[in-house]
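Data block for run.txt (compact mmCIF, C-alpha atoms):
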```txt
# COMPACT_ATOMS: atom_id res chain seq x y z
CA MET A 271 -27.47 -11.05 -26.47
CA PRO A 272 -30.60 -8.91 -25.98
CA LYS A 273 -30.32 -5.19 -26.56
CA ILE A 274 -28.67 -3.30 -23.71
CA LYS A 275 -31.07 -0.73 -22.27
CA ALA A 276 -29.13 0.48 -19.24
CA PHE A 277 -25.42 1.26 -18.94
CA ILE A 278 -24.53 1.19 -15.25
CA PHE A 279 -21.21 2.43 -13.91
CA ASP A 280 -19.40 1.83 -10.69
CA ALA A 281 -17.89 5.10 -9.41
CA TYR A 282 -14.64 4.63 -7.49
CA GLY A 283 -11.85 3.33 -9.70
CA THR A 284 -14.16 3.16 -12.70
CA LEU A 285 -15.19 6.75 -13.42
CA PHE A 286 -13.07 8.38 -10.71
CA ASP A 287 -9.45 7.71 -9.86
CA VAL A 288 -9.24 6.95 -6.13
CA HIS A 289 -5.49 7.17 -6.16
CA SER A 290 -5.69 10.84 -6.91
CA VAL A 291 -5.92 11.24 -3.11
CA MET A 292 -2.30 10.08 -3.03
CA GLU A 293 -1.06 13.57 -3.85
CA LYS A 294 -2.88 15.03 -0.86
CA CYS A 295 -1.53 12.19 1.31
CA ASN A 296 1.98 12.94 0.12
CA GLU A 297 1.55 16.63 0.81
CA LEU A 298 0.44 15.97 4.40
CA PHE A 299 2.74 12.99 5.04
CA PRO A 300 5.82 13.43 2.84
CA GLY A 301 7.19 10.10 1.63
CA LYS A 302 4.27 8.13 3.04
CA GLY A 303 1.59 9.12 0.55
CA GLU A 304 1.72 5.99 -1.57
CA SER A 305 1.70 3.67 1.39
CA ILE A 306 -1.11 5.49 3.22
CA SER A 307 -3.35 5.84 0.17
CA GLY A 308 -2.80 2.18 -0.74
CA ILE A 309 -3.71 0.89 2.72
CA TRP A 310 -6.59 3.39 2.89
CA ARG A 311 -8.20 2.01 -0.27
CA GLN A 312 -7.54 -1.62 0.67
CA LYS A 313 -9.11 -1.22 4.11
CA GLN A 314 -12.00 0.84 2.76
CA LEU A 315 -13.00 -2.15 0.63
CA GLU A 316 -12.24 -4.74 3.29
CA TYR A 317 -14.26 -2.90 5.94
CA SER A 318 -17.30 -2.65 3.66
CA PHE A 319 -17.13 -6.42 3.06
CA LEU A 320 -16.58 -7.26 6.72
CA ARG A 321 -19.29 -4.97 8.05
CA GLN A 322 -21.75 -6.46 5.60
CA LEU A 323 -20.79 -9.98 6.74
CA MET A 324 -20.97 -9.06 10.43
CA GLY A 325 -24.30 -7.29 10.01
CA ARG A 326 -22.81 -3.97 11.17
CA TYR A 327 -23.65 -1.70 8.25
CA THR A 328 -22.54 1.89 8.43
CA THR A 329 -22.18 4.44 5.64
CA PHE A 330 -19.28 4.32 3.22
CA ARG A 331 -18.30 7.73 4.51
CA GLU A 332 -17.82 6.37 8.03
CA ILE A 333 -15.99 3.35 6.65
CA THR A 334 -13.71 5.56 4.58
CA LYS A 335 -12.87 7.55 7.71
CA ASP A 336 -12.21 4.39 9.71
CA ALA A 337 -9.97 3.07 6.95
CA LEU A 338 -8.02 6.33 6.87
CA ARG A 339 -7.48 6.17 10.62
CA TYR A 340 -6.21 2.61 10.33
CA ALA A 341 -3.93 3.50 7.41
CA CYS A 342 -2.31 6.35 9.34
CA LYS A 343 -1.82 4.23 12.47
CA GLU A 344 -0.33 1.45 10.37
CA ALA A 345 2.02 3.86 8.59
CA GLY A 346 3.02 5.56 11.85
CA ALA A 347 1.57 8.90 10.78
CA GLU A 348 -0.26 11.11 13.23
CA LEU A 349 -3.62 12.15 11.81
CA SER A 350 -4.76 15.51 13.11
CA ARG A 351 -8.40 16.50 12.87
CA ASP A 352 -7.56 19.04 10.18
CA ALA A 353 -5.63 16.49 8.14
CA GLU A 354 -8.51 14.04 8.43
CA GLU A 355 -10.97 16.63 7.18
CA GLU A 356 -8.68 17.61 4.34
CA LEU A 357 -8.19 14.01 3.24
CA MET A 358 -11.88 13.18 3.50
CA ALA A 359 -12.61 16.28 1.45
CA SER A 360 -10.23 15.07 -1.25
CA TYR A 361 -12.61 12.15 -1.81
CA LEU A 362 -15.24 14.66 -2.93
CA LYS A 363 -13.09 15.98 -5.76
CA LEU A 364 -11.42 12.92 -7.20
CA LYS A 365 -10.20 13.25 -10.76
CA HIS A 366 -12.39 11.52 -13.32
CA TYR A 367 -10.92 9.42 -16.09
CA ASP A 368 -10.47 11.41 -19.28
CA GLU A 369 -12.78 9.50 -21.60
CA THR A 370 -15.82 9.49 -19.30
CA GLU A 371 -17.57 12.56 -20.66
CA GLU A 372 -17.15 11.57 -24.31
CA VAL A 373 -18.49 8.05 -23.62
CA LEU A 374 -21.52 9.26 -21.66
CA GLU A 375 -22.26 11.77 -24.40
CA LYS A 376 -22.45 8.92 -26.93
CA LEU A 377 -24.77 6.90 -24.68
CA LYS A 378 -27.39 9.66 -24.52
CA SER A 379 -30.14 7.55 -26.10
CA HIS A 380 -29.75 4.89 -23.36
CA GLN A 381 -30.39 4.85 -19.64
CA THR A 382 -27.18 5.63 -17.76
CA ALA A 383 -26.51 5.57 -14.03
CA ILE A 384 -23.83 5.36 -11.41
CA PHE A 385 -24.30 2.54 -8.92
CA SER A 386 -21.92 2.76 -6.00
CA ASN A 387 -21.17 1.61 -2.48
CA GLY A 388 -20.63 5.29 -1.70
CA SER A 389 -23.22 7.10 0.36
CA PHE A 390 -24.88 10.22 -1.11
CA ASP A 391 -22.87 12.53 1.16
CA MET A 392 -19.79 11.36 -0.77
CA LEU A 393 -21.27 10.65 -4.19
CA SER A 394 -23.39 13.73 -4.79
CA PRO A 395 -20.65 16.36 -4.34
CA LEU A 396 -18.27 14.20 -6.38
CA VAL A 397 -20.63 13.85 -9.33
CA GLU A 398 -21.74 17.48 -9.18
CA GLN A 399 -18.19 18.80 -9.54
CA SER A 400 -17.59 16.58 -12.59
CA PRO A 401 -18.30 17.77 -16.14
CA PHE A 402 -20.73 14.91 -16.78
CA ALA A 403 -23.30 15.28 -13.98
CA SER A 404 -26.01 16.27 -16.45
CA LEU A 405 -25.23 13.28 -18.70
CA LEU A 406 -26.28 10.72 -16.07
CA ASP A 407 -29.93 9.74 -15.59
CA GLU A 408 -29.46 8.49 -12.04
CA VAL A 409 -26.98 8.22 -9.21
CA LEU A 410 -27.80 5.12 -7.15
CA SER A 411 -26.29 4.33 -3.77
CA VAL A 412 -26.46 1.08 -1.82
CA ASP A 413 -27.03 3.28 1.22
CA GLU A 414 -30.70 3.35 0.30
CA ILE A 415 -30.99 -0.37 1.15
CA LYS A 416 -27.90 -0.78 3.37
CA GLN A 417 -26.51 -3.66 1.36
CA PHE A 418 -22.98 -3.28 0.09
CA LYS A 419 -21.91 -4.71 -3.23
CA PRO A 420 -21.24 -7.54 -4.03
CA THR A 421 -24.38 -9.00 -2.37
CA PRO A 422 -27.10 -10.01 -4.84
CA MET A 423 -29.58 -7.77 -2.98
CA SER A 424 -27.42 -4.74 -3.70
CA TYR A 425 -27.47 -5.23 -7.48
CA GLN A 426 -31.22 -5.77 -7.33
CA LEU A 427 -31.55 -2.05 -6.48
CA VAL A 428 -30.56 -1.17 -10.05
CA LEU A 429 -33.46 -3.19 -11.45
CA ASP A 430 -35.93 -1.80 -8.95
CA LYS A 431 -34.95 1.80 -9.60
CA LEU A 432 -34.59 1.66 -13.39
CA GLY A 433 -37.36 -0.77 -14.23
CA VAL A 434 -35.17 -2.96 -16.42
CA ARG A 435 -34.47 -6.69 -16.43
CA ARG A 436 -31.04 -7.96 -15.47
CA GLU A 437 -30.18 -9.13 -18.97
CA GLU A 438 -30.83 -5.61 -20.26
CA VAL A 439 -28.05 -4.18 -18.08
CA LEU A 440 -24.40 -3.73 -18.99
CA PHE A 441 -22.46 -3.07 -15.81
CA MET A 442 -19.02 -1.48 -15.83
CA SER A 443 -16.46 -1.68 -13.06
CA SER A 444 -12.70 -1.66 -12.71
CA ASN A 445 -13.00 -3.66 -9.51
CA THR A 446 -12.69 -7.40 -10.01
CA TRP A 447 -14.88 -8.25 -6.99
CA ASP A 448 -17.62 -5.93 -8.32
CA ILE A 449 -17.49 -7.54 -11.76
CA ALA A 450 -17.67 -10.98 -10.15
CA GLY A 451 -20.68 -9.95 -8.04
CA ALA A 452 -22.52 -8.34 -10.96
CA SER A 453 -21.83 -11.30 -13.28
CA SER A 454 -22.98 -13.68 -10.58
CA PHE A 455 -26.18 -11.65 -10.21
CA GLY A 456 -26.85 -11.92 -13.95
CA PHE A 457 -25.84 -8.56 -15.39
CA HIS A 458 -23.79 -8.40 -18.54
CA THR A 459 -20.45 -7.09 -17.40
CA ALA A 460 -17.60 -5.10 -18.88
CA TRP A 461 -14.43 -5.09 -16.83
CA ILE A 462 -12.58 -1.80 -17.26
CA ASN A 463 -9.13 -3.15 -16.59
CA ARG A 464 -7.18 0.07 -16.71
CA LYS A 465 -4.00 -1.31 -15.21
CA GLY A 466 -3.89 -4.74 -16.83
CA VAL A 467 -4.28 -6.58 -13.54
CA THR A 468 -5.12 -10.26 -13.02
CA MET A 469 -8.78 -11.29 -12.78
CA ASP A 470 -9.73 -12.83 -9.44
CA GLU A 471 -10.49 -16.55 -9.24
CA LEU A 472 -14.07 -16.39 -8.00
CA GLY A 473 -15.74 -18.78 -10.41
CA VAL A 474 -17.22 -15.98 -12.55
CA GLU A 475 -15.75 -14.08 -15.47
CA PRO A 476 -16.60 -10.75 -17.07
CA ASP A 477 -18.37 -10.88 -20.43
CA TYR A 478 -16.06 -8.20 -21.83
CA GLU A 479 -12.76 -6.65 -20.89
CA TYR A 480 -11.57 -3.23 -22.01
CA ARG A 481 -8.65 -0.98 -21.16
CA ASP A 482 -10.90 2.06 -20.81
CA LEU A 483 -14.55 3.00 -21.15
CA ARG A 484 -14.48 3.61 -24.90
CA GLY A 485 -14.65 -0.12 -25.53
CA ILE A 486 -18.22 -0.33 -24.27
CA LEU A 487 -19.50 1.80 -27.14
CA GLU A 488 -19.70 -1.30 -29.32
CA HIS A 489 -22.80 -2.21 -27.29
CA ALA A 490 -24.54 1.15 -27.77
CA MET B 1314 -17.56 -11.71 33.86
CA PRO B 1315 -19.30 -15.10 34.13
CA LYS B 1316 -17.15 -18.17 34.32
CA ILE B 1317 -15.71 -19.26 30.97
CA LYS B 1318 -16.87 -22.77 30.11
CA ALA B 1319 -15.59 -23.14 26.57
CA PHE B 1320 -12.24 -22.06 25.13
CA ILE B 1321 -12.62 -21.86 21.36
CA PHE B 1322 -9.66 -21.44 19.02
CA ASP B 1323 -9.40 -20.30 15.44
CA ALA B 1324 -6.95 -22.55 13.55
CA TYR B 1325 -5.04 -20.72 10.81
CA GLY B 1326 -2.70 -18.08 12.18
CA THR B 1327 -3.84 -18.79 15.74
CA LEU B 1328 -2.75 -22.39 16.46
CA PHE B 1329 -1.00 -23.01 13.13
CA ASP B 1330 1.43 -20.76 11.29
CA VAL B 1331 0.13 -20.27 7.74
CA HIS B 1332 3.36 -18.68 6.64
CA SER B 1333 5.17 -21.93 7.15
CA VAL B 1334 4.07 -22.67 3.56
CA MET B 1335 6.47 -19.93 2.53
CA GLU B 1336 9.41 -22.31 2.67
CA LYS B 1337 7.74 -24.70 0.24
CA CYS B 1338 6.86 -21.73 -2.00
CA ASN B 1339 10.48 -20.61 -1.96
CA GLU B 1340 11.69 -24.10 -2.76
CA LEU B 1341 9.39 -24.31 -5.81
CA PHE B 1342 9.69 -20.68 -6.87
CA PRO B 1343 13.08 -19.40 -5.71
CA GLY B 1344 12.99 -15.74 -4.70
CA LYS B 1345 9.21 -15.53 -5.05
CA GLY B 1346 8.19 -17.49 -1.96
CA GLU B 1347 7.43 -14.53 0.26
CA SER B 1348 5.44 -12.73 -2.37
CA ILE B 1349 3.44 -15.81 -3.43
CA SER B 1350 2.64 -16.96 0.10
CA GLY B 1351 1.62 -13.42 1.09
CA ILE B 1352 -0.77 -13.00 -1.85
CA TRP B 1353 -2.00 -16.57 -1.35
CA ARG B 1354 -3.09 -15.88 2.22
CA GLN B 1355 -4.56 -12.47 1.42
CA LYS B 1356 -6.66 -13.84 -1.43
CA GLN B 1357 -7.67 -16.92 0.54
CA LEU B 1358 -9.32 -14.63 3.10
CA GLU B 1359 -10.71 -12.21 0.53
CA TYR B 1360 -12.28 -14.99 -1.53
CA SER B 1361 -14.00 -16.48 1.50
CA PHE B 1362 -15.50 -13.07 2.31
CA LEU B 1363 -16.52 -12.34 -1.27
CA ARG B 1364 -18.04 -15.75 -1.93
CA GLN B 1365 -20.08 -15.43 1.26
CA LEU B 1366 -21.30 -12.00 0.14
CA MET B 1367 -22.10 -13.17 -3.39
CA GLY B 1368 -23.89 -16.28 -2.14
CA ARG B 1369 -21.42 -18.56 -3.93
CA TYR B 1370 -20.13 -20.71 -1.08
CA THR B 1371 -17.56 -23.34 -1.85
CA THR B 1372 -15.22 -25.18 0.50
CA PHE B 1373 -12.16 -23.49 1.97
CA ARG B 1374 -10.09 -26.11 0.20
CA GLU B 1375 -11.38 -24.96 -3.19
CA ILE B 1376 -10.91 -21.33 -2.18
CA THR B 1377 -7.36 -22.03 -1.05
CA LYS B 1378 -6.62 -23.60 -4.43
CA ASP B 1379 -8.18 -20.67 -6.29
CA ALA B 1380 -6.15 -18.23 -4.21
CA LEU B 1381 -2.95 -20.13 -4.95
CA ARG B 1382 -3.67 -20.01 -8.68
CA TYR B 1383 -4.25 -16.28 -8.50
CA ALA B 1384 -1.08 -15.74 -6.46
CA CYS B 1385 1.05 -17.59 -8.99
CA LYS B 1386 -0.46 -15.76 -11.95
CA GLU B 1387 0.06 -12.45 -10.18
CA ALA B 1388 3.68 -13.29 -9.35
CA GLY B 1389 4.35 -14.55 -12.88
CA ALA B 1390 5.09 -18.09 -11.68
CA GLU B 1391 3.90 -21.09 -13.64
CA LEU B 1392 2.03 -23.49 -11.39
CA SER B 1393 2.34 -27.09 -12.55
CA ARG B 1394 -0.14 -29.69 -11.36
CA ASP B 1395 2.56 -31.28 -9.23
CA ALA B 1396 3.52 -27.98 -7.65
CA GLU B 1397 -0.12 -27.23 -6.89
CA GLU B 1398 -0.54 -30.57 -5.18
CA GLU B 1399 2.65 -30.12 -3.21
CA LEU B 1400 1.65 -26.65 -2.04
CA MET B 1401 -1.88 -27.72 -1.15
CA ALA B 1402 -0.40 -30.63 0.80
CA SER B 1403 1.78 -28.22 2.77
CA TYR B 1404 -1.43 -26.77 4.22
CA LEU B 1405 -2.07 -30.13 5.86
CA LYS B 1406 1.17 -30.06 7.84
CA LEU B 1407 1.50 -26.45 8.95
CA LYS B 1408 3.72 -25.88 11.96
CA HIS B 1409 1.82 -25.21 15.16
CA TYR B 1410 2.82 -22.46 17.55
CA ASP B 1411 5.09 -23.74 20.31
CA GLU B 1412 2.94 -22.99 23.34
CA THR B 1413 -0.24 -24.62 22.04
CA GLU B 1414 0.20 -28.03 23.61
CA GLU B 1415 1.11 -26.69 27.03
CA VAL B 1416 -1.87 -24.32 27.04
CA LEU B 1417 -4.37 -26.98 25.97
CA GLU B 1418 -2.97 -29.30 28.61
CA LYS B 1419 -3.76 -26.70 31.30
CA LEU B 1420 -7.32 -26.24 29.99
CA LYS B 1421 -8.20 -29.91 30.40
CA SER B 1422 -11.02 -29.26 32.87
CA HIS B 1423 -12.79 -26.97 30.35
CA GLN B 1424 -14.41 -27.52 26.98
CA THR B 1425 -11.94 -26.81 24.19
CA ALA B 1426 -12.51 -26.72 20.44
CA ILE B 1427 -11.15 -25.47 17.17
CA PHE B 1428 -13.62 -23.42 15.15
CA SER B 1429 -12.40 -22.70 11.66
CA ASN B 1430 -13.37 -21.60 8.17
CA GLY B 1431 -11.38 -24.61 6.97
CA SER B 1432 -13.25 -27.60 5.63
CA PHE B 1433 -12.70 -31.00 7.28
CA ASP B 1434 -10.59 -32.24 4.36
CA MET B 1435 -8.05 -29.59 5.39
CA LEU B 1436 -8.63 -29.41 9.14
CA SER B 1437 -8.73 -33.09 10.10
CA PRO B 1438 -5.33 -34.11 8.67
CA LEU B 1439 -3.79 -30.93 10.08
CA VAL B 1440 -5.06 -31.51 13.61
CA GLU B 1441 -4.28 -35.22 13.51
CA GLN B 1442 -0.60 -34.65 12.70
CA SER B 1443 -0.28 -32.21 15.60
CA PRO B 1444 0.75 -33.30 19.12
CA PHE B 1445 -2.45 -31.90 20.66
CA ALA B 1446 -5.21 -33.69 18.72
CA SER B 1447 -6.24 -35.65 21.80
CA LEU B 1448 -6.38 -32.50 23.94
CA LEU B 1449 -9.24 -30.96 21.93
CA ASP B 1450 -12.87 -31.88 22.62
CA GLU B 1451 -14.13 -30.84 19.19
CA VAL B 1452 -13.03 -29.63 15.79
CA LEU B 1453 -15.80 -27.49 14.29
CA SER B 1454 -15.92 -26.34 10.69
CA VAL B 1455 -18.19 -23.72 9.13
CA ASP B 1456 -18.49 -26.14 6.23
CA GLU B 1457 -21.23 -27.89 8.17
CA ILE B 1458 -23.50 -24.85 7.72
CA LYS B 1459 -21.79 -23.20 4.74
CA GLN B 1460 -21.42 -19.86 6.48
CA PHE B 1461 -17.95 -18.38 6.63
CA LYS B 1462 -16.79 -16.38 9.58
CA PRO B 1463 -17.36 -13.52 10.36
CA THR B 1464 -21.13 -13.88 9.81
CA PRO B 1465 -23.16 -14.11 13.05
CA MET B 1466 -24.67 -17.40 11.82
CA SER B 1467 -21.23 -18.95 11.64
CA TYR B 1468 -20.39 -18.26 15.31
CA GLN B 1469 -23.81 -19.60 16.31
CA LEU B 1470 -22.53 -23.06 15.30
CA VAL B 1471 -20.26 -23.08 18.35
CA LEU B 1472 -23.21 -22.60 20.69
CA ASP B 1473 -25.33 -25.19 18.92
CA LYS B 1474 -22.58 -27.82 18.98
CA LEU B 1475 -21.26 -27.24 22.49
CA GLY B 1476 -24.46 -26.38 24.30
CA VAL B 1477 -23.04 -23.24 25.90
CA ARG B 1478 -24.25 -19.66 26.01
CA ARG B 1479 -22.31 -16.97 24.17
CA GLU B 1480 -21.13 -15.26 27.35
CA GLU B 1481 -19.60 -18.57 28.49
CA VAL B 1482 -17.27 -18.64 25.49
CA LEU B 1483 -13.76 -17.22 25.26
CA PHE B 1484 -12.77 -17.09 21.62
CA MET B 1485 -9.15 -16.83 20.51
CA SER B 1486 -7.94 -15.65 17.13
CA SER B 1487 -4.92 -13.90 15.69
CA ASN B 1488 -7.07 -12.53 12.88
CA THR B 1489 -8.47 -9.07 13.55
CA TRP B 1490 -11.57 -9.64 11.38
CA ASP B 1491 -12.33 -12.85 13.27
CA ILE B 1492 -11.98 -11.12 16.63
CA ALA B 1493 -14.27 -8.33 15.41
CA GLY B 1494 -16.88 -10.84 14.22
CA ALA B 1495 -16.75 -12.89 17.41
CA SER B 1496 -16.93 -9.80 19.65
CA SER B 1497 -19.82 -8.47 17.60
CA PHE B 1498 -21.60 -11.81 18.04
CA GLY B 1499 -21.20 -11.63 21.81
CA PHE B 1500 -18.32 -13.96 22.62
CA HIS B 1501 -15.63 -12.86 25.01
CA THR B 1502 -12.57 -12.49 22.84
CA ALA B 1503 -8.82 -12.75 23.26
CA TRP B 1504 -6.81 -11.40 20.38
CA ILE B 1505 -3.57 -13.35 20.00
CA ASN B 1506 -1.57 -10.55 18.45
CA ARG B 1507 1.65 -12.45 17.75
CA LYS B 1508 3.17 -9.84 15.49
CA GLY B 1509 2.09 -6.67 17.28
CA VAL B 1510 -0.09 -5.49 14.39
CA THR B 1511 -2.70 -2.72 14.42
CA MET B 1512 -6.31 -3.59 15.35
CA ASP B 1513 -8.81 -2.95 12.57
CA GLU B 1514 -11.27 -0.08 12.89
CA LEU B 1515 -14.52 -2.03 12.73
CA GLY B 1516 -16.32 -0.56 15.71
CA VAL B 1517 -15.58 -3.55 17.95
CA GLU B 1518 -12.61 -4.29 20.16
CA PRO B 1519 -11.23 -7.48 21.68
CA ASP B 1520 -11.78 -7.96 25.42
CA TYR B 1521 -8.18 -9.08 25.87
CA GLU B 1522 -4.98 -8.93 23.89
CA TYR B 1523 -2.01 -11.26 24.35
CA ARG B 1524 1.21 -11.90 22.51
CA ASP B 1525 0.72 -15.65 22.60
CA LEU B 1526 -1.75 -18.20 23.92
CA ARG B 1527 -0.30 -18.41 27.43
CA GLY B 1528 -2.07 -15.18 28.37
CA ILE B 1529 -5.49 -16.81 28.23
CA LEU B 1530 -4.66 -19.06 31.18
CA GLU B 1531 -5.68 -16.28 33.53
CA HIS B 1532 -9.28 -17.14 32.60
CA ALA B 1533 -8.97 -20.87 33.30
```

Can you turn what I pasted into structure tokens?
Amino acid sequence: MPKIKAFIFDAYGTLFDVHSVMEKCNELFPGKGESISGIWRQKQLEYSFLRQLMGRYTTFREITKDALRYACKEAGAELSRDAEEELMASYLKLKHYDETEEVLEKLKSHQTAIFSNGSFDMLSPLVEQSPFASLLDEVLSVDEIKQFKPTPMSYQLVLDKLGVRREEVLFMSSNTWDIAGASSFGFHTAWINRKGVTMDELGVEPDYEYRDLRGILEHA
Amino acid sequence: MPKIKAFIFDAYGTLFDVHSVMEKCNELFPGKGESISGIWRQKQLEYSFLRQLMGRYTTFREITKDALRYACKEAGAELSRDAEEELMASYLKLKHYDETEEVLEKLKSHQTAIFSNGSFDMLSPLVEQSPFASLLDEVLSVDEIKQFKPTPMSYQLVLDKLGVRREEVLFMSSNTWDIAGASSFGFHTAWINRKGVTMDELGVEPDYEYRDLRGILEHA
């Protein structure tokens, strides 16, 4: 394996815990928080895939709002404008996973970046409120090219922006579909399988699997 | 609205009940049938979307097998080779919805076709064992162009094969993502919402919504 030059991180689910919006959901819709936040996340992903397939790109922020509206309808919860704003705002202050700062600190001599389906209006505030904003060289969003992961064109953005070759990249994600897409594109991949879930059967496997981000330090 | 010339039907979930495999699942994995068949269907769809996005097309038959393997792993059920064959075979004899034959009979003076993500090795035996095989003019599969629905290129196949214009097509599906894709492409669409579920928030709406196929006869 050639030396890894760039450590690239997915954001949602990988550095930031998307289910931390569940508490806010539960506060606004007592007893329905788990169900609403689960459907919200599932539809957020599904809508990004479907819009890419249909050729109807819109920002991840709009998609996240659409998914929230669906989730509330589906759960029989009335979503007021205030509640919508409050829940969308909770996406800007997701909790990060504990080990993130320590790991980024140890990767200082390498290129590091976030590469996310999120648009900058969601990503920038989120990263800025975290303790590791200054430890990242770049925050890259697919919104620049309007190609959601996992299309090959989306991953190409990382190479174009960082000036590295695909075999010099180690890409981290907790999302199985993102790992499959990145592996298929030719990145080295480390699946951060925090919850011990089952890998999807998509004909591609991660190169490495770890329970949290600390495992990747063996490649530093 | 111009006169409808071609009535085009999705297969799985629209003419044929995919959850009729649940019984076979329950027979092989007592108590786990509902869970396995639910995950199986969900992953079958997800894998077709993801493979299209990643540029890793394979037939719907292969995808269906992959999804079954995932579902069994996820449910902690051991899938023997015999069980896999038996379950895959159950996809070739899905129950059709009761009203299908009567509706196709009444559409005899129009062009009628199935248009499905299924490959012919799945679709042909399924249609042939049904009582309405002779009532359909065509069975069209995306496998011919290796473009899964809901890409615009997939729906184009219907026009190319039937020699109609998009506004002359009424497209029926129970699947919200399929209705969104077909509407976005420019077909007239009738959502066969058998279970009274919530429409997805994808920025496109069906032209018509019915509880079963009989509703479409008002356009004949």

Residues of chain B at most 6 Å from chain A: nearest atom pair and distance in Å, all atoms listed in the file, as CSV:
```
residue,atom,partner,partner_atom,distance
B:Leu1366,CA,A:Thr421,CA,5.0
B:Met1367,CA,A:Thr421,CA,4.9
B:Asp1379,CA,A:Glu471,CA,5.6
B:Pro1463,CA,A:Met324,CA,5.7
B:Thr1464,CA,A:Met324,CA,4.9
B:Gly1494,CA,A:Met324,CA,5.9
B:Glu1514,CA,A:Asp336,CA,5.6
```

Restricting the output to C-alpha atoms, write the selected residues as a compact mmCIF listing (two decimals), in the coordinates of the input.
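Result written to part-v8.txt:
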```
# COMPACT_ATOMS: atom_id res chain seq x y z
CA LEU B 1366 -21.30 -12.00 0.14
CA MET B 1367 -22.10 -13.17 -3.39
CA ASP B 1379 -8.18 -20.67 -6.29
CA PRO B 1463 -17.36 -13.52 10.36
CA THR B 1464 -21.13 -13.88 9.81
CA GLY B 1494 -16.88 -10.84 14.22
CA GLU B 1514 -11.27 -0.08 12.89
```

Have a look at B:Lys1459, B:Arg1478, B:Lys1337, B:Arg1354 and name the one nearest to Ser1429 (chain B); count only C-alpha atoms. B:Lys1459

Just the number, please: distance in Å from CA of Ile309 (chain A) to CA of Gly346 (chain A), one decimal.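 These atoms are spaced 12.3 Å apart.
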
Long-range neighbours of Phe441 (chain A) as number ranges by chain, 8 Å cut-off, all atoms listed in the file, 6 positions minimum in chain: A: 277-280, 449, 452, 457-460

Expressed in Å to a single decimal, how great is the separation between CA of Lys365 (chain A) and CA of Ala403 (chain A)? 13.6 Å

All residues 9 Å or closer to Glu304 (chain A), all atoms listed in the file, same chain fewer than 5 positions away omitted, as an mmCIF file with C-alpha atoms, keeping the file's coordinate frame:
```
data_model
loop_
_atom_site.group_PDB
_atom_site.id
_atom_site.type_symbol
_atom_site.label_atom_id
_atom_site.label_comp_id
_atom_site.auth_asym_id
_atom_site.auth_seq_id
_atom_site.Cartn_x
_atom_site.Cartn_y
_atom_site.Cartn_z
ATOM 1 C CA HIS A 289 -5.490 7.170 -6.160
ATOM 2 C CA MET A 292 -2.300 10.080 -3.030
ATOM 3 C CA GLU A 293 -1.060 13.570 -3.850
ATOM 4 C CA CYS A 295 -1.530 12.190 1.310
ATOM 5 C CA ASN A 296 1.980 12.940 0.120
ATOM 6 C CA ILE A 309 -3.710 0.890 2.720
#
```

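Using all atoms listed in the file for every distance, the candidate list A:Asp482, A:Glu475, A:Asp407, A:Glu398 yields A:Asp482 as the residue closest to Ser444 (chain A).
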
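Distance annotation: of B:Met1401, B:Ile1505, B:Ala1426, B:Leu1448, the residue with the minimal separation from Val1471 (chain B) is B:Ala1426; atom set is all atoms listed in the file.
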
Once 8 Å is added on each side, what are the centre and the three edge lengths, in Å to one decimal, of the axis-aligned box enclosing the listed atoms of region 387-404 of chain A? Present them as lines of an AutoDock Vina configuration file.
```
center_x = -21.8
center_y = 10.2
center_z = -7.8
size_x = 24.4
size_y = 33.2
size_z = 33.9
```
